[in-house]
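As stored in target39.cif (mmCIF, C-alpha atoms):
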```cif
data_upload
#
loop_
_atom_site.label_atom_id
_atom_site.label_comp_id
_atom_site.auth_asym_id
_atom_site.auth_seq_id
_atom_site.Cartn_x
_atom_site.Cartn_y
_atom_site.Cartn_z
CA MET A 5 -291.05 -7.68 8.25
CA ASN A 6 -293.29 -8.00 11.30
CA ILE A 7 -295.21 -5.04 12.68
CA VAL A 8 -295.55 -4.63 16.44
CA ILE A 9 -297.81 -1.94 17.89
CA LEU A 10 -296.99 -0.69 21.39
CA ASP A 11 -299.72 0.54 23.75
CA SER A 12 -298.40 4.10 23.38
CA ALA A 13 -299.59 4.13 19.76
CA TYR A 14 -303.22 4.03 20.92
CA LYS A 15 -302.96 7.18 23.07
CA HIS A 16 -304.80 9.35 20.50
CA GLY A 17 -307.59 6.85 19.85
CA ILE A 18 -306.27 5.44 16.58
CA THR A 19 -307.24 1.78 16.18
CA GLU A 20 -305.08 -1.16 15.16
CA GLU A 21 -307.04 -1.43 11.91
CA SER A 22 -306.34 2.23 11.10
CA ILE A 23 -302.64 1.89 11.90
CA PHE A 24 -302.23 -1.14 9.64
CA SER A 25 -304.24 0.52 6.89
CA CYS A 26 -302.05 3.62 7.06
CA LEU A 27 -298.86 1.56 6.94
CA PHE A 28 -300.10 -0.42 3.95
CA ASN A 29 -301.20 2.80 2.18
CA VAL A 30 -298.23 5.06 2.94
CA ARG A 31 -298.00 8.12 0.71
CA GLY A 32 -294.74 9.45 2.17
CA ASP A 33 -292.32 9.12 5.04
CA LYS A 34 -289.67 11.11 6.87
CA LEU A 35 -286.71 10.09 9.00
CA LEU A 36 -286.82 11.77 12.41
CA ASP A 37 -283.48 12.57 14.03
CA ASP A 38 -284.22 12.21 17.71
CA PRO A 39 -282.65 9.10 19.22
CA PRO A 40 -283.38 6.36 18.61
CA PRO A 41 -283.91 6.99 14.88
CA LYS A 42 -287.60 6.90 14.04
CA ARG A 43 -289.59 7.09 10.82
CA LEU A 44 -292.82 9.02 10.41
CA PHE A 45 -295.20 7.47 7.88
CA ALA A 46 -298.03 9.56 6.40
CA GLY A 47 -300.97 7.81 4.81
CA PHE A 48 -304.65 7.04 4.98
CA ASP A 49 -306.65 4.66 7.12
CA HIS A 50 -309.47 2.40 5.91
CA VAL A 51 -312.02 5.25 5.89
CA GLY A 52 -309.79 7.92 4.32
CA ASN A 53 -308.49 9.76 7.39
CA ALA A 54 -304.97 11.15 6.98
CA LEU A 55 -302.75 9.73 9.72
CA GLU A 56 -299.18 9.86 10.90
CA VAL A 57 -297.63 6.74 12.33
CA ILE A 58 -294.21 6.85 13.98
CA ALA A 59 -292.18 3.67 14.24
CA VAL A 60 -288.71 2.41 15.10
CA GLU A 61 -287.12 -0.01 12.65
CA ASP A 62 -285.66 -3.01 14.50
CA ASP A 63 -283.44 -4.62 11.88
CA GLU A 64 -282.05 -7.23 14.28
CA GLN A 65 -285.49 -8.76 14.79
CA ASP A 66 -286.81 -7.80 11.33
CA ARG A 67 -289.69 -5.78 12.72
CA LEU A 68 -291.23 -2.35 12.72
CA VAL A 69 -292.23 -1.16 16.21
CA VAL A 70 -295.06 1.40 16.10
CA ILE A 71 -294.82 3.80 19.03
CA HIS A 72 -297.21 6.63 18.02
CA ALA A 73 -300.26 7.22 15.81
CA MET A 74 -302.50 10.23 15.40
CA LYS A 75 -304.34 12.44 12.91
CA LEU A 76 -301.79 13.87 10.48
CA ARG A 77 -300.57 17.28 11.59
CA PRO A 78 -300.54 20.09 8.97
CA LEU A 79 -296.75 20.24 9.30
CA PHE A 80 -296.55 16.89 7.48
CA PHE A 81 -299.29 17.32 4.84
CA TYR A 82 -296.58 17.67 2.19
CA LEU A 83 -295.78 13.97 2.68
CA LEU A 84 -299.13 13.03 1.16
CA GLY A 85 -298.14 14.48 -2.21
CA ASP A 86 -300.99 15.21 -4.62
CA TYR A 87 -303.88 13.26 -3.16
#
```
With the file now loaded, output its structure as structure tokens.
Amino acid sequence: MNIVILDSAYKHGITEESIFSCLFNVRGDKLLDDPPPKRLFAGFDHVGNALEVIAVEDDEQDRLVVIHAMKLRPLFFYLLGDY
């Protein structure tokens, strides 16, 4: 699956390297209901910062489109499990 990062994902200053690191080190995820269906991934970047990355799964083109990335909000800490 290819990963595409839209410009909107950089709004909070999270770098491409951090986004990829988070996605490759996901500790938990949650399906978000608002259309179109999105998935929130919680994980850590390359220096240990807890991040949330929101992406849309595009099955037709076999890609994950990242639309948002930021420091993980306390609301989603539970997704990290026992870290």
Applying the PyMOL selection byres ((chain A and resi 8) around 6) to the file I just gave you, which residues come out? Please list them as number ranges by chain.
A: 7, 9, 69
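Counting only C-alpha atoms and comparing A:Val57, A:Gly32, A:Pro78, A:Gln65, the residue that lies closest to A:Leu10 is A:Val57.
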From the set A:Ile18, A:Leu76, A:Leu55, A:Val70, which residue has the shortest atom-to-atom contact distance to A:Lys42, counting all atoms listed in the file?
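Of A:Ile18, A:Leu76, A:Leu55, A:Val70, the one nearest A:Lys42 is A:Val70, counting all atoms listed in the file.
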Excluding same-chain residues fewer than 3 positions from A:Val51, what lies within 10 Å of it counting all atoms listed in the file, as an mmCIF file with C-alpha atoms, keeping the file's coordinate frame?
```cif
data_model
loop_
_atom_site.group_PDB
_atom_site.id
_atom_site.type_symbol
_atom_site.label_atom_id
_atom_site.label_comp_id
_atom_site.auth_asym_id
_atom_site.auth_seq_id
_atom_site.Cartn_x
_atom_site.Cartn_y
_atom_site.Cartn_z
ATOM 1 C CA SER A 22 -306.340 2.230 11.100
ATOM 2 C CA SER A 25 -304.240 0.520 6.890
ATOM 3 C CA PHE A 48 -304.650 7.040 4.980
ATOM 4 C CA ALA A 54 -304.970 11.150 6.980
#
```
Rank nothing, just name the residue among A:Leu35, A:Ala73, A:Ala46, A:Leu68 nearest to A:Ile23, using all atoms listed in the file.
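Of A:Leu35, A:Ala73, A:Ala46, A:Leu68, the one nearest A:Ile23 is A:Ala73, counting all atoms listed in the file.
Compared by their closest atoms to A:Phe45, and using all atoms listed in the file, the residues A:Glu64, A:Glu21, A:Leu84, A:Met5 rank with A:Leu84 nearest.
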Kindly provide, as JSON, the centre and edge lengths (Å, one decimal) of an axis-aligned box around all atoms of stretch 13-31 of chain A given in the file, with 5 Å on each side.
```
{"center_x": -302.8, "center_y": 4.0, "center_z": 11.9, "size_x": 19.6, "size_y": 20.8, "size_z": 32.4}
```
